[in-house]
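Text of upload26.cif (mmCIF, C-alpha atoms and all ligand atoms) as supplied:
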```cif
data_work
loop_
_atom_site.label_atom_id
_atom_site.label_comp_id
_atom_site.auth_asym_id
_atom_site.auth_seq_id
_atom_site.Cartn_x
_atom_site.Cartn_y
_atom_site.Cartn_z
CA MET A 1 -16.28 7.82 -32.05
CA ALA A 2 -15.89 8.42 -28.31
CA ASP A 3 -19.10 9.22 -26.43
CA ALA A 4 -19.31 12.08 -23.91
CA SER A 5 -18.58 9.74 -20.98
CA THR A 6 -15.38 8.22 -22.45
CA ASP A 7 -14.25 11.69 -23.56
CA LEU A 8 -14.68 12.73 -19.92
CA ALA A 9 -12.46 9.81 -18.88
CA HIS A 10 -9.83 11.02 -21.33
CA GLN A 11 -9.89 14.56 -19.90
CA ILE A 12 -9.68 13.28 -16.32
CA ARG A 13 -6.71 11.06 -17.24
CA LYS A 14 -4.92 14.16 -18.52
CA GLU A 15 -5.62 16.04 -15.28
CA ALA A 16 -4.35 13.07 -13.23
CA ALA A 17 -1.15 12.89 -15.28
CA LEU A 18 -0.55 16.62 -14.71
CA LEU A 19 -0.91 16.03 -10.96
CA GLY A 20 1.68 13.23 -11.10
CA PHE A 21 -0.48 10.14 -10.67
CA ALA A 22 1.14 7.03 -12.15
CA ALA A 23 -2.22 5.57 -13.17
CA ILE A 24 -5.94 6.22 -13.08
CA GLY A 25 -8.92 4.11 -14.12
CA PHE A 26 -12.69 3.92 -13.83
CA SER A 27 -15.07 1.12 -12.91
CA SER A 28 -18.78 0.99 -12.57
CA GLN A 29 -20.11 -0.31 -9.30
CA THR A 30 -21.07 -3.96 -9.72
CA PRO A 31 -20.96 -6.91 -7.27
CA GLN A 32 -17.49 -8.45 -6.89
CA PRO A 33 -18.19 -12.00 -5.62
CA LEU A 34 -14.63 -13.25 -6.21
CA ALA A 35 -13.05 -10.45 -4.19
CA LEU A 36 -15.57 -11.03 -1.42
CA LYS A 37 -14.84 -14.77 -1.42
CA ARG A 38 -11.07 -14.17 -1.24
CA PHE A 39 -11.55 -11.73 1.62
CA THR A 40 -13.89 -13.94 3.67
CA SER A 41 -11.55 -16.94 3.21
CA MET A 42 -8.75 -14.83 4.68
CA ILE A 43 -10.89 -14.07 7.73
CA GLN A 44 -12.15 -17.66 8.10
CA GLU A 45 -8.62 -19.05 7.81
CA LYS A 46 -7.47 -16.42 10.35
CA ARG A 47 -4.76 -15.13 8.02
CA HIS A 48 -5.53 -11.56 9.14
CA GLY A 49 -3.71 -12.03 12.46
CA GLU A 50 -5.12 -9.78 15.18
CA MET A 51 -6.51 -7.12 12.81
CA SER A 52 -10.04 -7.57 14.15
CA TYR A 53 -11.19 -4.38 12.36
CA MET A 54 -11.07 -6.45 9.15
CA GLU A 55 -13.91 -8.58 10.47
CA GLN A 56 -16.14 -5.53 10.52
CA ARG A 57 -17.96 -3.61 7.76
CA ILE A 58 -17.82 -6.58 5.35
CA GLU A 59 -21.24 -5.63 3.96
CA GLU A 60 -19.85 -2.22 2.97
CA ARG A 61 -16.82 -3.85 1.32
CA ALA A 62 -19.13 -5.97 -0.77
CA ASN A 63 -21.38 -3.05 -1.58
CA PRO A 64 -19.53 0.31 -1.85
CA SER A 65 -22.78 2.14 -2.61
CA MET A 66 -23.22 2.02 1.17
CA LEU A 67 -20.26 4.43 1.35
CA LEU A 68 -21.75 7.00 -1.02
CA SER A 69 -25.39 7.35 -1.86
CA GLY A 70 -25.99 7.29 -5.62
CA LEU A 71 -22.53 5.84 -6.33
CA HIS A 72 -21.92 5.25 -10.04
CA THR A 73 -18.17 5.21 -10.60
CA ILE A 74 -15.15 4.17 -8.57
CA ILE A 75 -12.06 6.03 -9.74
CA SER A 76 -8.90 4.11 -8.83
CA THR A 77 -5.58 5.92 -8.70
CA ALA A 78 -1.98 4.95 -8.03
CA ILE A 79 0.94 7.18 -7.19
CA SER A 80 4.54 5.98 -7.06
CA TYR A 81 6.95 6.20 -4.13
CA ASN A 82 9.67 4.13 -5.80
CA TYR A 83 13.21 5.41 -5.19
CA SER A 84 16.58 3.77 -4.75
CA LEU A 85 17.63 3.06 -1.20
CA LYS A 86 20.78 1.44 0.13
CA HIS A 87 20.50 -0.18 3.54
CA GLN A 88 23.73 -0.40 5.51
CA GLU A 89 24.55 -3.81 6.99
CA GLY A 90 24.23 -3.94 10.77
CA TYR A 91 21.56 -1.22 10.90
CA PRO A 92 17.82 -1.70 11.25
CA LYS A 93 15.83 -1.47 8.04
CA ILE A 94 12.82 0.74 7.51
CA SER A 95 10.42 0.18 4.63
CA LYS A 96 10.62 2.78 1.84
CA TYR A 97 7.09 4.05 2.37
CA ALA A 98 7.92 5.00 5.96
CA LEU A 99 10.97 7.17 5.22
CA ILE A 100 8.80 9.81 3.56
CA ASP A 101 5.78 11.88 4.54
CA ASP A 102 2.72 9.87 5.55
CA TYR A 103 0.85 8.81 2.41
CA HIS A 104 -2.50 9.22 4.12
CA THR A 105 -1.91 12.98 4.18
CA VAL A 106 -0.05 13.42 0.87
CA VAL A 107 -2.25 11.19 -1.29
CA LYS A 108 -5.44 12.53 0.29
CA ALA A 109 -4.39 16.08 -0.65
CA LYS A 110 -3.59 14.93 -4.23
CA LEU A 111 -7.00 13.24 -4.49
CA GLU A 112 -8.73 16.42 -3.34
CA GLU A 113 -6.84 18.34 -6.05
CA LEU A 114 -7.89 15.76 -8.60
CA LEU A 115 -11.49 15.94 -7.42
CA ALA A 116 -11.44 19.74 -7.88
CA SER A 117 -10.20 19.18 -11.47
CA ILE A 118 -12.92 16.59 -12.11
CA LYS A 119 -15.57 19.03 -10.90
CA ARG A 120 -14.14 21.68 -13.22
CA VAL A 121 -14.13 19.27 -16.18
CA LEU A 122 -17.68 18.14 -15.43
CA GLY A 123 -18.99 21.64 -14.84
CA GLU A 124 -21.80 20.41 -12.63
CA PRO A 125 -22.31 19.55 -8.94
CA LEU A 126 -20.93 16.22 -7.83
CA SER A 127 -21.31 14.07 -4.76
CA ALA A 128 -17.99 12.39 -3.98
CA LEU A 129 -15.87 10.59 -1.40
CA THR A 130 -12.06 10.50 -1.48
CA THR A 131 -10.36 7.73 0.41
CA VAL A 132 -6.80 6.54 1.09
CA ASP A 133 -6.69 3.30 3.00
CA SER A 134 -9.47 4.61 5.24
CA SER A 135 -12.69 3.05 3.88
CA PRO A 136 -13.64 -0.62 3.60
CA LEU A 137 -13.00 -1.11 -0.13
CA PHE A 138 -11.47 -3.93 -2.17
CA GLU A 139 -9.08 -1.38 -3.59
CA LYS A 140 -6.79 -3.72 -5.55
CA ASN A 141 -9.82 -5.43 -7.01
CA TRP A 142 -11.29 -2.10 -8.24
CA ALA A 143 -7.91 -1.04 -9.60
CA GLU A 144 -7.70 -4.32 -11.54
CA LYS A 145 -11.24 -3.91 -12.83
CA ALA A 146 -10.35 -0.38 -13.98
CA GLY A 147 -7.45 -1.88 -15.93
CA ILE A 148 -4.65 0.05 -14.20
CA GLY A 149 -2.71 -2.91 -12.83
CA LYS A 150 -2.69 -6.52 -11.81
CA THR A 151 -2.08 -8.18 -8.46
CA GLY A 152 1.03 -10.37 -8.48
CA LYS A 153 2.12 -13.44 -6.55
CA ASN A 154 3.34 -11.07 -3.80
CA THR A 155 -0.33 -9.92 -3.36
CA LEU A 156 0.54 -6.36 -4.40
CA LEU A 157 -0.83 -4.37 -7.30
CA ASN A 158 1.68 -3.94 -10.10
CA VAL A 159 1.16 -1.10 -12.58
CA PRO A 160 2.93 -1.28 -15.96
CA SER A 161 6.09 0.91 -15.96
CA ALA A 162 5.56 1.79 -12.30
CA GLY A 163 5.89 -1.55 -10.44
CA SER A 164 4.36 -2.02 -7.02
CA TYR A 165 5.86 0.72 -4.82
CA LEU A 166 2.54 2.51 -5.06
CA PHE A 167 -0.01 4.21 -2.89
CA LEU A 168 -3.56 3.55 -3.99
CA GLY A 169 -6.39 6.01 -3.54
CA GLU A 170 -9.99 6.15 -4.70
CA ILE A 171 -12.60 8.74 -5.55
CA LEU A 172 -16.19 7.54 -5.44
CA ILE A 173 -18.60 9.68 -7.44
CA ASP A 174 -22.29 9.73 -8.25
CA LYS A 175 -21.70 10.27 -12.01
CA GLU A 176 -21.11 7.76 -14.73
CA ILE A 177 -17.70 7.77 -16.36
CA SER A 178 -17.04 4.92 -18.71
CA SER A 179 -13.74 3.72 -19.98
CA THR A 180 -12.69 1.32 -22.69
CA LYS A 181 -9.77 -0.06 -20.62
CA ARG A 182 -9.94 -3.77 -19.88
CA PRO A 183 -8.34 -5.76 -17.01
CA LEU A 184 -4.68 -6.58 -17.63
CA PRO A 185 -3.37 -10.14 -17.94
CA ASN A 186 -1.27 -11.86 -15.25
CA TYR A 187 2.35 -10.78 -15.51
CA CYS A 188 4.29 -13.01 -13.11
CA GLY A 189 4.68 -15.94 -15.49
CA SER A 190 7.18 -18.48 -14.15
CA CYS A 191 8.82 -15.97 -11.76
CA SER A 192 8.49 -16.75 -8.06
CA ASN A 193 11.20 -14.47 -6.63
CA CYS A 194 8.89 -12.99 -4.01
CA LEU A 195 7.86 -16.38 -2.63
CA GLU A 196 11.46 -17.58 -2.57
CA HIS A 197 12.79 -14.47 -0.80
CA CYS A 198 10.09 -14.00 1.84
CA PRO A 199 12.06 -14.90 4.98
CA THR A 200 9.07 -15.95 7.08
CA GLY A 201 6.99 -17.98 4.62
CA ALA A 202 4.20 -15.41 4.86
CA LEU A 203 3.46 -15.86 1.15
CA VAL A 204 1.89 -19.24 1.71
CA GLU A 205 1.14 -19.74 -1.99
CA PRO A 206 1.14 -17.46 -5.04
CA GLY A 207 -1.13 -14.51 -4.31
CA LYS A 208 -2.01 -15.69 -0.80
CA ILE A 209 -0.58 -14.14 2.35
CA ASP A 210 -0.74 -15.13 5.99
CA ALA A 211 -0.48 -11.68 7.61
CA SER A 212 0.35 -13.16 11.01
CA LYS A 213 3.71 -14.30 9.58
CA CYS A 214 4.43 -11.10 7.66
CA ILE A 215 7.11 -8.74 9.01
CA SER A 216 5.09 -5.71 7.89
CA TYR A 217 2.14 -6.86 9.96
CA LEU A 218 4.29 -7.76 12.97
CA THR A 219 6.17 -4.45 13.06
CA VAL A 220 3.34 -2.11 12.03
CA GLU A 221 -0.05 -3.62 12.85
CA LEU A 222 0.52 -5.90 15.84
CA LYS A 223 -0.17 -3.96 19.03
CA ARG A 224 0.98 -6.31 21.80
CA GLU A 225 4.48 -7.42 22.77
CA PHE A 226 6.16 -10.03 20.52
CA THR A 227 6.43 -13.68 21.39
CA THR A 228 10.03 -14.98 21.23
CA GLU A 229 9.27 -16.50 17.83
CA GLU A 230 7.78 -13.26 16.43
CA ALA A 231 10.75 -11.22 17.70
CA ALA A 232 13.11 -13.52 15.81
CA MET A 233 10.95 -13.42 12.66
CA ILE A 234 11.35 -9.67 12.08
CA GLY A 235 15.12 -10.06 11.50
CA ASP A 236 16.60 -6.60 10.88
CA TRP A 237 13.34 -4.88 9.83
CA VAL A 238 12.38 -2.33 12.46
CA PHE A 239 9.37 -0.98 10.52
CA GLY A 240 7.74 -2.70 7.55
CA CYS A 241 9.47 -4.99 5.06
CA ASP A 242 10.18 -4.50 1.35
CA LEU A 243 11.78 -7.84 0.49
CA CYS A 244 9.00 -9.18 -1.74
CA GLN A 245 9.08 -5.89 -3.68
CA GLU A 246 12.86 -5.48 -3.82
CA VAL A 247 13.21 -8.79 -5.69
CA CYS A 248 10.42 -8.12 -8.15
CA PRO A 249 11.84 -7.50 -11.65
CA TYR A 250 9.03 -5.05 -12.40
CA ASN A 251 10.23 -2.76 -9.60
CA GLN A 252 13.81 -3.02 -10.77
CA GLN A 253 12.77 -2.03 -14.31
CA ALA A 254 10.22 0.65 -13.37
CA SER A 255 10.50 3.91 -15.30
CA ILE A 256 7.89 5.84 -13.32
CA MET A 257 9.54 6.83 -10.05
CA ALA A 258 8.44 8.56 -6.81
CA HIS A 259 6.17 11.58 -7.01
CA LYS A 260 8.08 14.75 -6.15
CA SER A 261 6.04 15.20 -2.95
CA PHE A 262 7.87 12.22 -1.47
CA VAL A 263 11.23 13.39 -0.19
CA VAL A 264 13.30 10.87 1.77
CA ARG A 265 14.06 11.91 5.34
CA ASP A 266 17.80 11.18 5.34
CA GLU A 267 18.03 11.29 9.14
CA LEU A 268 15.86 8.15 9.31
CA VAL A 269 17.89 6.06 6.86
CA ASN A 270 20.24 3.74 8.75
CA ILE A 271 19.21 5.07 12.18
CA SER A 272 20.68 2.78 14.85
CA THR A 273 18.68 0.60 17.23
CA GLU A 274 20.48 2.38 20.07
CA SER A 275 19.22 5.79 18.90
CA ILE A 276 15.66 4.46 18.79
CA LEU A 277 15.94 2.83 22.22
CA ASN A 278 17.26 6.08 23.74
CA LEU A 279 14.44 8.23 22.36
CA THR A 280 12.27 10.21 24.73
CA LYS A 281 8.63 10.95 23.87
CA SER A 282 9.53 14.40 22.56
CA GLY A 283 12.55 13.03 20.68
CA PHE A 284 10.31 10.45 19.00
CA ARG A 285 7.90 13.18 17.99
CA GLU A 286 10.67 15.38 16.64
CA LEU A 287 12.14 12.57 14.55
CA PHE A 288 9.09 10.75 13.25
CA TYR A 289 6.21 13.24 13.25
CA GLY A 290 4.52 13.29 9.83
CA THR A 291 5.79 9.83 8.83
CA PRO A 292 3.82 6.56 9.01
CA ILE A 293 6.10 5.51 11.90
CA PHE A 294 4.61 8.18 14.15
CA ARG A 295 1.29 6.31 14.00
CA ILE A 296 2.59 3.26 15.93
CA GLY A 297 3.97 5.31 18.82
CA LEU A 298 7.22 5.12 20.78
CA ARG A 299 6.38 1.98 22.79
CA ARG A 300 5.91 -0.20 19.73
CA MET A 301 8.87 1.32 17.90
CA LYS A 302 11.06 0.49 20.91
CA ARG A 303 9.60 -3.05 20.97
CA ASN A 304 10.67 -3.44 17.33
CA ALA A 305 14.11 -1.94 17.97
CA ARG A 306 14.74 -4.25 20.94
CA ALA A 307 13.94 -7.29 18.81
CA VAL A 308 16.12 -6.09 15.91
CA ALA A 309 19.05 -5.31 18.24
CA GLU A 310 18.82 -8.85 19.60
CA ASN A 311 18.59 -10.36 16.11
CA LEU A 312 21.57 -8.33 14.83
CA LYS A 313 23.61 -9.33 17.88
CA ARG A 314 22.76 -12.97 17.32
CA SER A 315 23.79 -12.78 13.65
CA GLY A 316 27.05 -11.07 14.65
CA GLU A 317 26.24 -7.77 12.94
CA LEU A 318 26.08 -5.62 16.09
S1 LIG B 401 6.54 -7.95 3.38
FE1 LIG B 401 8.30 -9.27 3.93
S2 LIG B 401 7.49 -10.78 5.36
FE2 LIG B 401 5.72 -9.83 4.33
S3 LIG B 401 5.28 -11.13 2.61
FE3 LIG B 401 6.68 -9.59 1.84
S4 LIG B 401 8.72 -10.47 2.09
FE4 LIG B 401 7.31 -11.68 3.32
S1 LIG B 402 8.63 -11.16 -7.84
FE1 LIG B 402 7.98 -12.31 -9.67
S2 LIG B 402 6.33 -13.60 -8.93
FE2 LIG B 402 6.60 -11.99 -7.41
S3 LIG B 402 5.18 -10.37 -7.98
FE3 LIG B 402 7.12 -9.89 -8.97
S4 LIG B 402 6.98 -10.84 -11.01
FE4 LIG B 402 5.37 -11.74 -9.76
#
```

Please, can you express the file's structure as structure tokens?
Amino acid sequence: MADASTDLAHQIRKEAALLGFAAIGFSSQTPQPLALKRFTSMIQEKRHGEMSYMEQRIEERANPSMLLSGLHTIISTAISYNYSLKHQEGYPKISKYALIDDYHTVVKAKLEELLASIKRVLGEPLSALTTVDSSPLFEKNWAEKAGIGKTGKNTLLNVPSAGSYLFLGEILIDKEISSTKRPLPNYCGSCSNCLEHCPTGALVEPGKIDASKCISYLTVELKREFTTEEAAMIGDWVFGCDLCQEVCPYNQQASIMAHKSFVVRDELVNISTESILNLTKSGFRELFYGTPIFRIGLRRMKRNARAVAENLKRSGEL
């Protein structure tokens, strides 16, 4: 017979499904030495590129109770943004997650709705923290522990029936919610499509990424100008890169598709490098405000567009 805590988990799952989450799971806060070891190796081996912020707040990553006093349960959620997209040859490519409203805003609002439902279900005061990519947390690790998905050779969390085009979000609470779900097994098997199709060799081995070689990092996170080599590496991707997800069979077979809040901004699909290079500050704001692209600013978007224009010209596509 289910105890009160697992019954609570069941009720919260129902609320999350009504709100359109693809998955939700619960883990109790315990030390995660393996996740910490993986993370510190990445820093020591300098695979985090120039993201120096990752070198900070490691103690909090290892011990999330520093983020919320009295923390008992980490609630991991995933919401899909998977939709079909056809890139036109000769045009710069933008990653799927950037052609829709910024997930920081949308997912945060969904988490706040979910938290309100949890409070209603609980019927008692609750101390909580909602976070979307904004707190130092081993979020894939907690999601795995909660049994909602498994990290694949492409280093991304894959959720059954939903694939990996997902935004993850967490709610930390000071109440105990237990769940009978167990971590899922590895699902990649003998497949290595993502490693074979990564154009820059950023997936240095299964499940291990060198961010400094990754197009997503170069076009989104890197703040300075490109070296000649980096400019060539980004190919035709002007913002982000989806290649290691596009080739994943679990994304091609996914039945859970994008949440209805994510509507593709058609005017951004197949935008030309010339249009980006001609943008004024106000034009950039008008076109990209509210998307993840707005966060990198016009200077970096033009840097990316210049490199892509050069790469397309060199490959004879422009
Ligand atoms: S996002 Fe692109 S560059 Fe980065 S690992 Fe995946 S395929 Fe490679
Ligand atoms: S492409 Fe294949 S190896 Fe890579 S994550 Fe998907 S299933 Fe795993």

Please, what is the axis-aligned box for every listed atom of ligand LIG 401 (chain B) with 3 Å on each side, as centre and edge lengths in Å to one decimal, as AutoDock Vina command-line options?
```
--center_x 7.0 --center_y -9.8 --center_z 3.6 --size_x 9.4 --size_y 9.7 --size_z 9.5
```

(request) Kindly extract all protein, DNA and RNA residues lying within 6 Å of the coordinates (3.3, 7.7, -10.0) given in the file, considering only C-alpha atoms, and supply them as a PyMOL selection string. (result) chain A and resi 20-22+79-80+256+259

Considering all atoms listed in the file, give me a table of residues in chain A that are at most 8 Å from ligand LIG 401 (chain B), with the closest atom pair and distance in Å for each, as CSV.
```
residue,atom,partner,partner_atom,distance
A:Asn154,CA,B:LIG401,S3,6.7
A:Cys194,CA,B:LIG401,S4,6.6
A:Leu195,CA,B:LIG401,FE4,7.6
A:His197,CA,B:LIG401,S4,6.4
A:Cys198,CA,B:LIG401,S4,3.8
A:Pro199,CA,B:LIG401,FE4,6.0
A:Thr200,CA,B:LIG401,S2,5.7
A:Gly201,CA,B:LIG401,FE4,6.4
A:Ala202,CA,B:LIG401,S3,5.0
A:Leu203,CA,B:LIG401,S3,5.3
A:Ile209,CA,B:LIG401,S3,6.6
A:Asp210,CA,B:LIG401,S3,8.0
A:Ala211,CA,B:LIG401,FE2,7.3
A:Lys213,CA,B:LIG401,S2,6.7
A:Cys214,CA,B:LIG401,FE2,3.8
A:Ile215,CA,B:LIG401,S2,4.2
A:Ser216,CA,B:LIG401,S1,5.2
A:Tyr217,CA,B:LIG401,FE2,7.3
A:Ile234,CA,B:LIG401,S2,7.8
A:Gly240,CA,B:LIG401,S1,6.8
A:Cys241,CA,B:LIG401,S1,4.5
A:Asp242,CA,B:LIG401,S1,5.4
A:Leu243,CA,B:LIG401,S4,4.3
A:Cys244,CA,B:LIG401,S4,4.1
A:Gln245,CA,B:LIG401,FE3,7.1
```

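Separating CA of Ser261 (chain A) from CA of Tyr97 (chain A) is a distance of 12.4 Å.
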
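Straight-line separation from CA of Glu274 (chain A) to CA of Val247 (chain A): 29.0 Å.
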
For ligand LIG 402 (chain B), return the neighbouring residues as a compact mmCIF listing (two decimals) with C-alpha atoms, in the coordinates of the input (distance at most 6 Å; all atoms listed in the file).
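What landed in pocket.txt:
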```
# COMPACT_ATOMS: atom_id res chain seq x y z
CA GLY A 152 1.03 -10.37 -8.48
CA LYS A 153 2.12 -13.44 -6.55
CA ASN A 154 3.34 -11.07 -3.80
CA CYS A 188 4.29 -13.01 -13.11
CA CYS A 191 8.82 -15.97 -11.76
CA SER A 192 8.49 -16.75 -8.06
CA ASN A 193 11.20 -14.47 -6.63
CA CYS A 194 8.89 -12.99 -4.01
CA VAL A 247 13.21 -8.79 -5.69
CA CYS A 248 10.42 -8.12 -8.15
CA PRO A 249 11.84 -7.50 -11.65
```

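Note that the spacing between CA of Ser178 (chain A) and CA of Tyr250 (chain A) amounts to 28.6 Å.
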
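Using all atoms listed in the file, the shortest contact distance between Glu225 (chain A) and any of A:Gln32, A:Asn186, A:Ser255, A:Asn304 is found at A:Asn304.
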
(request) Might you pull out every residue within 12 Å of Glu113 (chain A), with all atoms listed in the file counted and same-chain residues fewer than 4 positions away left off, and present them as a ChimeraX atom specification? (result) /A:12,15-16,18-21,106-109,117-120,130,171

(message) Ranking A:Lys145, A:Leu156, A:Ala62, A:Tyr165 by minimum distance to Lys181 (chain A) and counting all atoms listed in the file, which one comes first?
(response) A:Lys145

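Nearest residue to Asn251 (chain A) among A:Val264, A:Ala162, A:Val132, A:Leu71 is A:Ala162, counting all atoms listed in the file.
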
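Minimum distance to Ile293 (chain A) across A:Asp133, A:Asp7, A:Glu221, A:Asp174 (counting only C-alpha atoms) occurs at A:Glu221.
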
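Each of A:Lys37, A:Arg13, A:Arg47, A:Lys93 was compared to Val308 (chain A) using only C-alpha atoms, and A:Lys93 turns out to be the nearest.
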
(request) Find, counting all atoms listed in the file, the residue in A:Tyr91, A:Phe226, A:Trp237, A:Phe26 that gets nearest to Ile74 (chain A). (result) A:Phe26

(message) Just want the 12 Å neighbourhood of Val263 (chain A), counted on all atoms listed in the file, with same-chain residues fewer than 6 positions away dropped. Output as a PyMOL selection string.
(response) chain A and resi 81-84+96-103+106+257+291

Any chance you can output those residues with C-alpha atoms as an mmCIF file, keeping the file's coordinate frame?
```cif
data_model
loop_
_atom_site.group_PDB
_atom_site.id
_atom_site.type_symbol
_atom_site.label_atom_id
_atom_site.label_comp_id
_atom_site.auth_asym_id
_atom_site.auth_seq_id
_atom_site.Cartn_x
_atom_site.Cartn_y
_atom_site.Cartn_z
ATOM 1 C CA TYR A 81 6.950 6.200 -4.130
ATOM 2 C CA ASN A 82 9.670 4.130 -5.800
ATOM 3 C CA TYR A 83 13.210 5.410 -5.190
ATOM 4 C CA SER A 84 16.580 3.770 -4.750
ATOM 5 C CA LYS A 96 10.620 2.780 1.840
ATOM 6 C CA TYR A 97 7.090 4.050 2.370
ATOM 7 C CA ALA A 98 7.920 5.000 5.960
ATOM 8 C CA LEU A 99 10.970 7.170 5.220
ATOM 9 C CA ILE A 100 8.800 9.810 3.560
ATOM 10 C CA ASP A 101 5.780 11.880 4.540
ATOM 11 C CA ASP A 102 2.720 9.870 5.550
ATOM 12 C CA TYR A 103 0.850 8.810 2.410
ATOM 13 C CA VAL A 106 -0.050 13.420 0.870
ATOM 14 C CA MET A 257 9.540 6.830 -10.050
ATOM 15 C CA THR A 291 5.790 9.830 8.830
#
```

(message) Counting only C-alpha atoms, find residues at most 6 Å from (-6.2, 1.4, -3.1) (file frame) and give them as a VMD selection string.
(response) chain A and resid 139 to 140 168 to 169
